[in-house]
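Q: Structure below; questions to follow.
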Amino acid sequence: MNKKNPLLRNNGVQTFITSIICIILGLIVGFAALWIINADGAGQAILGVIKNFFNKPTSATRLQYFGQTLVKTAPLLLCSLSVLFAYKVGLFNIGVAGQYCLGVMMAIYSGYVWKLPWWACLLLGIIAGAASGALCGLLKAYFNVNVVISGIMLNWISLYGTNLLLQAAKEKTGKDTVRLLSKAKQAVLPSLGLDKLFGDKYVTIAIPLAIIMAVLIWILLDKTKLGFELKATGNNVNAAKYCGMKENRNIILTMVIGGGLAAMGGALYYLSDYTQWNVNASSVPGMGFNGIAAAFLGGLNPLGAIFSSYFITHITDGGAYVDLSHYCAQIADLISAVIIYLCGFVLFFKTLINNRLRKAEERFTAKERDAVKAAEVKSEGGNQK
Amino acid sequence: MILLLQYTLIFASVLLLVALGGCVSEHSGVINLGLEGIMVMGALGGALVMKFLPYDGGAGFGMFICVLLAAMLIGVLYSSLLAVACINLKADQTIVGTALNMLATALATVFVKSMNTAMNPNDHSSEIFYGKAKEAFVSKLGNFELNWFMIVAVILLVIVYVMLYKTKFGLRLRACGEHPQAAASVGISVFKMRWAGVLLSGLLGGVGGITYITAGASTWKFENGVAGFGFLALAVMIFGAWHPFKIAGAALLFGLFRALGNVYGAFDFLKSMNIPSAIYNMLPYIVCLIVLTFTSKNSKAPKAEGIPYDKGMR
């Protein structure tokens, strides 16, 4: 008991525990939904979701599908980094989805129309997202426009803008953009042998790049002066101002970095040529909102985000393995939505743990005090003798 | 021209209803970002009634009332998820609101898909066909189709105004959004008032949701959600400075721009300019951003909105 306390008091451990609680509760709700729809296959269906690529028969295909899950994890990780970075500075970057669109837009456009090499496409994509983030930050800093509202408006503007511009990179028939591998090979990300390792041509340097970004963001936030200033601005704008920090510059800089990260996610994903953009898309890509889920599930820690974004991709991918004659793949979306709803309670869970710990401690010290008192009484009694 | 007027009015009604919901909730001190999700759930409730209630043509008052009540009920129930999390458990209102939006679309899609599959094993769509039931509350006045929900929007506008500014309840509600500790000191239960605010916003949001889907065809695909209307309504509310009548004006303006995207083909001079439809789709959002840029400086937002109530705080 005495030894367990300090471990439970650790903030990281508490975050880990609460995240696990959220995941378990989310899975239970998902199972309940499946059970209501059709009780017979519910157990198998939820196992299918959890197992994902382990459903595949041979180890080679398992590895290949694991690689594909990783391909989808990379953009999600970058989106969640964008959300958590802004959140640490007190800004809720809901515009991730729009910045992601802009990254996709510039990456495909410059790759196919301008025939630029992959690194230039990636860079232009990042710049487009960063510019959108900068606009959001400027509006907040100088016109006091709520970032949530401006972010959402920019989401829709970016979505339709992307649809408009990518008409130029559309296949002749259908509504998808061209496959970069066949039409603009110079724009596809190099894989440095990773494709051979996983036996899947879509596995590229996007995955290690995303993980490197997570580490860089962690270093920036926790180990540098700039990170400290940004976090201070997030905690108390007035105090930060009083200490001579430039709060407007910090807000704009944060949104620039956040926008760049989200756009990098979009650019990397589409430059791996795993999927094509639908130029008639009428809803904002879910990647942005899943990024919010991943950021909070990872306890707002860049390194935690690596695991949480993998987990969310794993579950979402696993949705494809439910028995589609009874259930639908969106059950996975339902599970991740429940998980993010529960993530809102993290503070509540933590206070609960801390309260229990405090009570236990009080009881312990009270007992100790009694013991000491009893001992004193005894020894006093002994002295009198 | 009449078509433009019709679309403007129906979109304005949707925005007005949902923005009023946001307004009531924020006056009580809770930011309701989950309005988009509440709209989806309200729409689901209404659409189910339209699908399953027997109906045989003509104007149907009973049908209308049932649809309205179902949308309200589901909206209220769903908004209680926000209330529990944000008021009692002091959760972050932004996260919970966002989660509710994701949850509503997922929940509605799963529900409708499994319902369709249960009725017909080959049907895996997320659409609800309610066929002619919509005609129950659409009256034709010449070429103009009067959707009864437009009238509901106007009535609710007046009710919300009177409630917020002319009754004891409204005064107490607004006190909880401005300075909850002061309100509590004179014996008002802040928790109860905030619950009332959130549930009322669920009611209004639910009606807004069903109005939104009846603006379109005789079927609705739930995978699509409500295309950011809940958020657009929040922008309308900010533009309308948290005041019901100003919100109504703002809703008309945004409704007009949204309607232009639907019917610009009917105007020769707009058609001849050859502007891609994507531009028209962007228009309401761009206007909204510009308007917010010039109106946000002196925000009239309730002072305590977004902050969980803490009795001990001063």
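Following the order of the structure tokens, chains are lettered A, B, ..., residues in each are numbered from 1, and ligands are numbered from 1.
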Report as a count of residues only the set of chain B residues whose atoms approach chain A to within 6 Å, with distances computed over only C-alpha atoms.
A: 14
Q: Go through range 135-287 of chain B and collect every residue that DSSP, computed from the backbone, puts in strand (DSSP E or B); the answer should be as a ChimeraX atom specification.
A: /B:138-141,144-147,219-221
Q: Would you mind listing what lies within 10 Å of Cys288 in chain B as a list in words, with only C-alpha atoms counted and same-chain residues fewer than 3 positions away left out?
A: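 Using only C-alpha atoms, the neighbours found are Ile149, Ser150 and Met153 of chain A; Leu232, Ala235, Val236, Phe239, Ala250, Leu253, Phe254, Phe257, Leu283, Pro284, Tyr285, Val291, Leu292 and Thr293 of chain B.
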Q: Using only C-alpha atoms, which residues sit within 10 Å of range 309-323 of chain A once same-chain residues fewer than 2 positions away are excluded, as a PyMOL selection string?
A: chain A and resi 23+27+34+41-42+44-56+65-66+68-81+287+290-295+297-298+304-307+325-336+339
Q: For Ala215 in chain B, list every protein, DNA or RNA residue within 9 Å, evaluated using only C-alpha atoms, and leave out those in the same chain fewer than 6 positions away; present the list as a list in words.
A: Tyr7, Ile10, Phe11 and Asn147 of chain B
Q: Which parts of range 31-237 of chain B does DSSP call alpha helix (DSSP H) when run on the backbone here, written out as a count of residues only?
A: 138
Q: Let me make sure I understand: among B:Ile307, B:Ile275, B:Ala259, B:Val40, which one has the smallest atom-to-atom distance to Ile210 in chain B if we use only C-alpha atoms?
A: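 Checking each of B:Ile307, B:Ile275, B:Ala259, B:Val40 against Ile210 in chain B, counting only C-alpha atoms, the winner is B:Val40.
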Q: Taking 4 positions as the minimum chain separation for residues in the same chain, which residues sit within 8 Å of range 163-173 of chain B when counting only C-alpha atoms? Answer as number ranges by chain.
A: B: 24, 27-28, 159, 177, 183, 188, 193-194, 197
Q: The selected residues should be written to file as a PDB file, in the first residue's frame (atoms: all heavy atoms).
A:
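Saved the output as result06.pdb:
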ATOM      1  N   VAL B  24     -29.503  29.865 -25.916  1.00  0.00           N
ATOM      2  CA  VAL B  24     -30.053  29.541 -24.594  1.00  0.00           C
ATOM      3  C   VAL B  24     -28.989  28.836 -23.754  1.00  0.00           C
ATOM      4  O   VAL B  24     -28.778  29.156 -22.586  1.00  0.00           O
ATOM      5  CB  VAL B  24     -31.301  28.648 -24.736  1.00  0.00           C
ATOM      6  CG1 VAL B  24     -31.768  28.187 -23.383  1.00  0.00           C
ATOM      7  CG2 VAL B  24     -32.395  29.389 -25.454  1.00  0.00           C
ATOM      8  N   HIS B  27     -26.243  31.268 -22.691  1.00  0.00           N
ATOM      9  CA  HIS B  27     -26.690  32.198 -21.649  1.00  0.00           C
ATOM     10  C   HIS B  27     -26.692  31.525 -20.290  1.00  0.00           C
ATOM     11  O   HIS B  27     -26.559  32.190 -19.268  1.00  0.00           O
ATOM     12  CB  HIS B  27     -28.075  32.746 -21.975  1.00  0.00           C
ATOM     13  CG  HIS B  27     -28.030  33.971 -22.832  1.00  0.00           C
ATOM     14  ND1 HIS B  27     -27.299  35.092 -22.475  1.00  0.00           N
ATOM     15  CD2 HIS B  27     -28.582  34.262 -24.027  1.00  0.00           C
ATOM     16  CE1 HIS B  27     -27.420  36.001 -23.414  1.00  0.00           C
ATOM     17  NE2 HIS B  27     -28.183  35.528 -24.387  1.00  0.00           N
ATOM     18  N   SER B  28     -26.840  30.186 -20.279  1.00  0.00           N
ATOM     19  CA  SER B  28     -26.784  29.502 -18.991  1.00  0.00           C
ATOM     20  C   SER B  28     -25.344  29.172 -18.615  1.00  0.00           C
ATOM     21  O   SER B  28     -25.080  28.704 -17.519  1.00  0.00           O
ATOM     22  CB  SER B  28     -27.621  28.227 -19.025  1.00  0.00           C
ATOM     23  OG  SER B  28     -26.902  27.199 -19.660  1.00  0.00           O
ATOM     24  N   ILE B 159     -41.035  32.894 -28.429  1.00  0.00           N
ATOM     25  CA  ILE B 159     -41.057  32.247 -27.109  1.00  0.00           C
ATOM     26  C   ILE B 159     -39.702  32.387 -26.418  1.00  0.00           C
ATOM     27  O   ILE B 159     -39.623  32.738 -25.237  1.00  0.00           O
ATOM     28  CB  ILE B 159     -41.424  30.748 -27.247  1.00  0.00           C
ATOM     29  CG1 ILE B 159     -42.868  30.619 -27.721  1.00  0.00           C
ATOM     30  CG2 ILE B 159     -41.237  30.033 -25.923  1.00  0.00           C
ATOM     31  CD1 ILE B 159     -43.317  29.191 -27.913  1.00  0.00           C
ATOM     32  N   GLY B 177     -25.043  32.395 -16.474  1.00  0.00           N
ATOM     33  CA  GLY B 177     -24.027  32.485 -17.514  1.00  0.00           C
ATOM     34  C   GLY B 177     -23.094  33.662 -17.301  1.00  0.00           C
ATOM     35  O   GLY B 177     -21.982  33.676 -17.822  1.00  0.00           O
ATOM     36  N   ALA B 183     -25.158  34.295  -8.660  1.00  0.00           N
ATOM     37  CA  ALA B 183     -26.492  33.705  -8.771  1.00  0.00           C
ATOM     38  C   ALA B 183     -26.726  32.731  -7.623  1.00  0.00           C
ATOM     39  O   ALA B 183     -27.787  32.735  -6.998  1.00  0.00           O
ATOM     40  CB  ALA B 183     -26.648  32.996 -10.109  1.00  0.00           C
ATOM     41  N   ILE B 188     -30.127  30.681  -6.254  1.00  0.00           N
ATOM     42  CA  ILE B 188     -30.458  30.017  -7.514  1.00  0.00           C
ATOM     43  C   ILE B 188     -29.583  28.782  -7.642  1.00  0.00           C
ATOM     44  O   ILE B 188     -28.379  28.847  -7.393  1.00  0.00           O
ATOM     45  CB  ILE B 188     -30.194  30.961  -8.706  1.00  0.00           C
ATOM     46  CG1 ILE B 188     -31.048  32.216  -8.573  1.00  0.00           C
ATOM     47  CG2 ILE B 188     -30.461  30.258 -10.020  1.00  0.00           C
ATOM     48  CD1 ILE B 188     -30.685  33.302  -9.555  1.00  0.00           C
ATOM     49  N   MET B 193     -30.193  25.331 -13.387  1.00  0.00           N
ATOM     50  CA  MET B 193     -30.367  26.306 -14.456  1.00  0.00           C
ATOM     51  C   MET B 193     -29.573  25.889 -15.692  1.00  0.00           C
ATOM     52  O   MET B 193     -30.035  26.016 -16.818  1.00  0.00           O
ATOM     53  CB  MET B 193     -29.891  27.688 -13.989  1.00  0.00           C
ATOM     54  CG  MET B 193     -30.900  28.378 -13.124  1.00  0.00           C
ATOM     55  SD  MET B 193     -32.350  28.726 -14.115  1.00  0.00           S
ATOM     56  CE  MET B 193     -33.607  28.699 -12.891  1.00  0.00           C
ATOM     57  N   ARG B 194     -28.350  25.405 -15.451  1.00  0.00           N
ATOM     58  CA  ARG B 194     -27.533  25.011 -16.603  1.00  0.00           C
ATOM     59  C   ARG B 194     -28.112  23.782 -17.281  1.00  0.00           C
ATOM     60  O   ARG B 194     -28.099  23.677 -18.513  1.00  0.00           O
ATOM     61  CB  ARG B 194     -26.087  24.768 -16.157  1.00  0.00           C
ATOM     62  CG  ARG B 194     -25.407  26.084 -15.802  1.00  0.00           C
ATOM     63  CD  ARG B 194     -23.909  25.979 -15.711  1.00  0.00           C
ATOM     64  NE  ARG B 194     -23.347  27.331 -15.707  1.00  0.00           N
ATOM     65  CZ  ARG B 194     -22.066  27.599 -15.606  1.00  0.00           C
ATOM     66  NH1 ARG B 194     -21.195  26.621 -15.510  1.00  0.00           N
ATOM     67  NH2 ARG B 194     -21.644  28.839 -15.619  1.00  0.00           N
ATOM     68  N   GLY B 197     -30.817  25.006 -19.426  1.00  0.00           N
ATOM     69  CA  GLY B 197     -30.295  25.648 -20.629  1.00  0.00           C
ATOM     70  C   GLY B 197     -29.875  24.627 -21.670  1.00  0.00           C
ATOM     71  O   GLY B 197     -30.224  24.742 -22.848  1.00  0.00           O
TER      72      GLY B 197
END
Q: Identify, on the basis of only C-alpha atoms, every residue whose closest approach to Leu181 in chain A does not exceed 10 Å; exclude the query and any residue fewer than 3 positions from it along the same chain; express the result as a list in words.
A: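 The neighbour list is Val178, Ala184, Lys185, Gln186, Ala187, Val188, Leu189, Tyr202, Leu271, Ser272, Asp273 and Tyr274 of chain A.
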Q: Next, the residues of the selection above should be written as an mmCIF file, in the first residue's frame with all heavy atoms.
A:
data_model
loop_
_atom_site.group_PDB
_atom_site.id
_atom_site.type_symbol
_atom_site.label_atom_id
_atom_site.label_comp_id
_atom_site.auth_asym_id
_atom_site.auth_seq_id
_atom_site.Cartn_x
_atom_site.Cartn_y
_atom_site.Cartn_z
ATOM 1 N N VAL A 178 -5.797 11.385 -60.059
ATOM 2 C CA VAL A 178 -4.993 10.355 -60.729
ATOM 3 C C VAL A 178 -4.158 9.561 -59.728
ATOM 4 O O VAL A 178 -3.892 10.022 -58.612
ATOM 5 C CB VAL A 178 -4.020 10.990 -61.747
ATOM 6 C CG1 VAL A 178 -4.790 11.615 -62.866
ATOM 7 C CG2 VAL A 178 -3.116 11.993 -61.054
ATOM 8 N N ALA A 184 2.633 10.276 -62.095
ATOM 9 C CA ALA A 184 3.635 11.243 -61.633
ATOM 10 C C ALA A 184 4.523 10.564 -60.600
ATOM 11 O O ALA A 184 4.467 10.833 -59.417
ATOM 12 C CB ALA A 184 2.948 12.474 -61.038
ATOM 13 N N LYS A 185 5.343 9.640 -61.104
ATOM 14 C CA LYS A 185 6.110 8.782 -60.206
ATOM 15 C C LYS A 185 7.107 9.574 -59.351
ATOM 16 O O LYS A 185 7.409 9.194 -58.228
ATOM 17 C CB LYS A 185 6.848 7.726 -61.037
ATOM 18 C CG LYS A 185 7.039 6.419 -60.288
ATOM 19 C CD LYS A 185 7.399 5.321 -61.249
ATOM 20 C CE LYS A 185 7.553 3.966 -60.644
ATOM 21 N NZ LYS A 185 7.717 3.751 -59.279
ATOM 22 N N GLN A 186 7.585 10.730 -59.903
ATOM 23 C CA GLN A 186 8.592 11.501 -59.166
ATOM 24 C C GLN A 186 8.026 12.071 -57.865
ATOM 25 O O GLN A 186 8.756 12.431 -56.959
ATOM 26 C CB GLN A 186 9.164 12.611 -60.059
ATOM 27 C CG GLN A 186 8.429 13.938 -60.061
ATOM 28 C CD GLN A 186 7.055 13.858 -60.742
ATOM 29 O OE1 GLN A 186 6.724 12.908 -61.417
ATOM 30 N NE2 GLN A 186 6.249 14.875 -60.533
ATOM 31 N N ALA A 187 6.683 12.155 -57.772
ATOM 32 C CA ALA A 187 6.072 12.767 -56.594
ATOM 33 C C ALA A 187 5.807 11.763 -55.480
ATOM 34 O O ALA A 187 5.475 12.147 -54.367
ATOM 35 C CB ALA A 187 4.762 13.445 -56.989
ATOM 36 N N VAL A 188 5.956 10.462 -55.789
ATOM 37 C CA VAL A 188 5.671 9.460 -54.766
ATOM 38 C C VAL A 188 6.834 9.384 -53.787
ATOM 39 O O VAL A 188 8.001 9.441 -54.185
ATOM 40 C CB VAL A 188 5.425 8.089 -55.420
ATOM 41 C CG1 VAL A 188 5.184 7.026 -54.360
ATOM 42 C CG2 VAL A 188 4.249 8.170 -56.364
ATOM 43 N N LEU A 189 6.507 9.265 -52.509
ATOM 44 C CA LEU A 189 7.542 9.231 -51.481
ATOM 45 C C LEU A 189 8.444 8.016 -51.680
ATOM 46 O O LEU A 189 7.962 6.939 -52.042
ATOM 47 C CB LEU A 189 6.896 9.135 -50.104
ATOM 48 C CG LEU A 189 6.053 10.313 -49.642
ATOM 49 C CD1 LEU A 189 5.375 9.957 -48.329
ATOM 50 C CD2 LEU A 189 6.901 11.546 -49.462
ATOM 51 N N TYR A 202 2.939 0.490 -50.572
ATOM 52 C CA TYR A 202 2.506 1.794 -50.052
ATOM 53 C C TYR A 202 3.263 2.208 -48.799
ATOM 54 O O TYR A 202 3.127 3.325 -48.326
ATOM 55 C CB TYR A 202 1.013 1.773 -49.751
ATOM 56 C CG TYR A 202 0.189 1.468 -50.966
ATOM 57 C CD1 TYR A 202 -0.591 0.332 -51.043
ATOM 58 C CD2 TYR A 202 0.212 2.349 -52.049
ATOM 59 C CE1 TYR A 202 -1.335 0.054 -52.169
ATOM 60 C CE2 TYR A 202 -0.526 2.074 -53.179
ATOM 61 C CZ TYR A 202 -1.292 0.925 -53.241
ATOM 62 O OH TYR A 202 -2.023 0.660 -54.356
ATOM 63 N N LEU A 271 0.811 11.359 -50.875
ATOM 64 C CA LEU A 271 2.030 11.143 -51.646
ATOM 65 C C LEU A 271 2.518 9.693 -51.546
ATOM 66 O O LEU A 271 3.407 9.291 -52.276
ATOM 67 C CB LEU A 271 3.135 12.104 -51.204
ATOM 68 C CG LEU A 271 2.917 13.578 -51.584
ATOM 69 C CD1 LEU A 271 4.028 14.434 -51.009
ATOM 70 C CD2 LEU A 271 2.843 13.749 -53.087
ATOM 71 N N SER A 272 1.946 8.915 -50.597
ATOM 72 C CA SER A 272 2.271 7.486 -50.620
ATOM 73 C C SER A 272 1.409 6.793 -51.661
ATOM 74 O O SER A 272 1.562 5.606 -51.897
ATOM 75 C CB SER A 272 2.030 6.781 -49.280
ATOM 76 O OG SER A 272 1.950 7.655 -48.231
ATOM 77 N N ASP A 273 0.447 7.552 -52.231
ATOM 78 C CA ASP A 273 -0.434 7.024 -53.271
ATOM 79 C C ASP A 273 -1.306 5.877 -52.775
ATOM 80 O O ASP A 273 -1.740 5.031 -53.536
ATOM 81 C CB ASP A 273 0.370 6.551 -54.492
ATOM 82 C CG ASP A 273 -0.522 6.500 -55.732
ATOM 83 O OD1 ASP A 273 -1.434 7.337 -55.814
ATOM 84 O OD2 ASP A 273 -0.311 5.635 -56.580
ATOM 85 N N TYR A 274 -1.552 5.836 -51.475
ATOM 86 C CA TYR A 274 -2.384 4.758 -50.950
ATOM 87 C C TYR A 274 -3.828 4.948 -51.383
ATOM 88 O O TYR A 274 -4.559 4.003 -51.595
ATOM 89 C CB TYR A 274 -2.287 4.722 -49.424
ATOM 90 C CG TYR A 274 -3.104 3.626 -48.802
ATOM 91 C CD1 TYR A 274 -2.666 2.311 -48.848
ATOM 92 C CD2 TYR A 274 -4.323 3.900 -48.186
ATOM 93 C CE1 TYR A 274 -3.417 1.297 -48.303
ATOM 94 C CE2 TYR A 274 -5.082 2.890 -47.640
ATOM 95 C CZ TYR A 274 -4.623 1.592 -47.700
ATOM 96 O OH TYR A 274 -5.370 0.583 -47.168
#
Q: Closest to Val84 in chain B among B:His179, B:Arg174, B:Lys134, B:Lys192, using only C-alpha atoms?
A: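 When distances to Val84 in chain B are compared using only C-alpha atoms, the smallest one comes from B:Lys192.
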Q: Pick the closest to Ile155 in chain B from B:Cys66, B:Leu4, B:Leu16, B:Leu270: which is it, counting only C-alpha atoms?
A: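 Between B:Cys66, B:Leu4, B:Leu16, B:Leu270, the residue approaching Ile155 in chain B most closely is B:Leu16.
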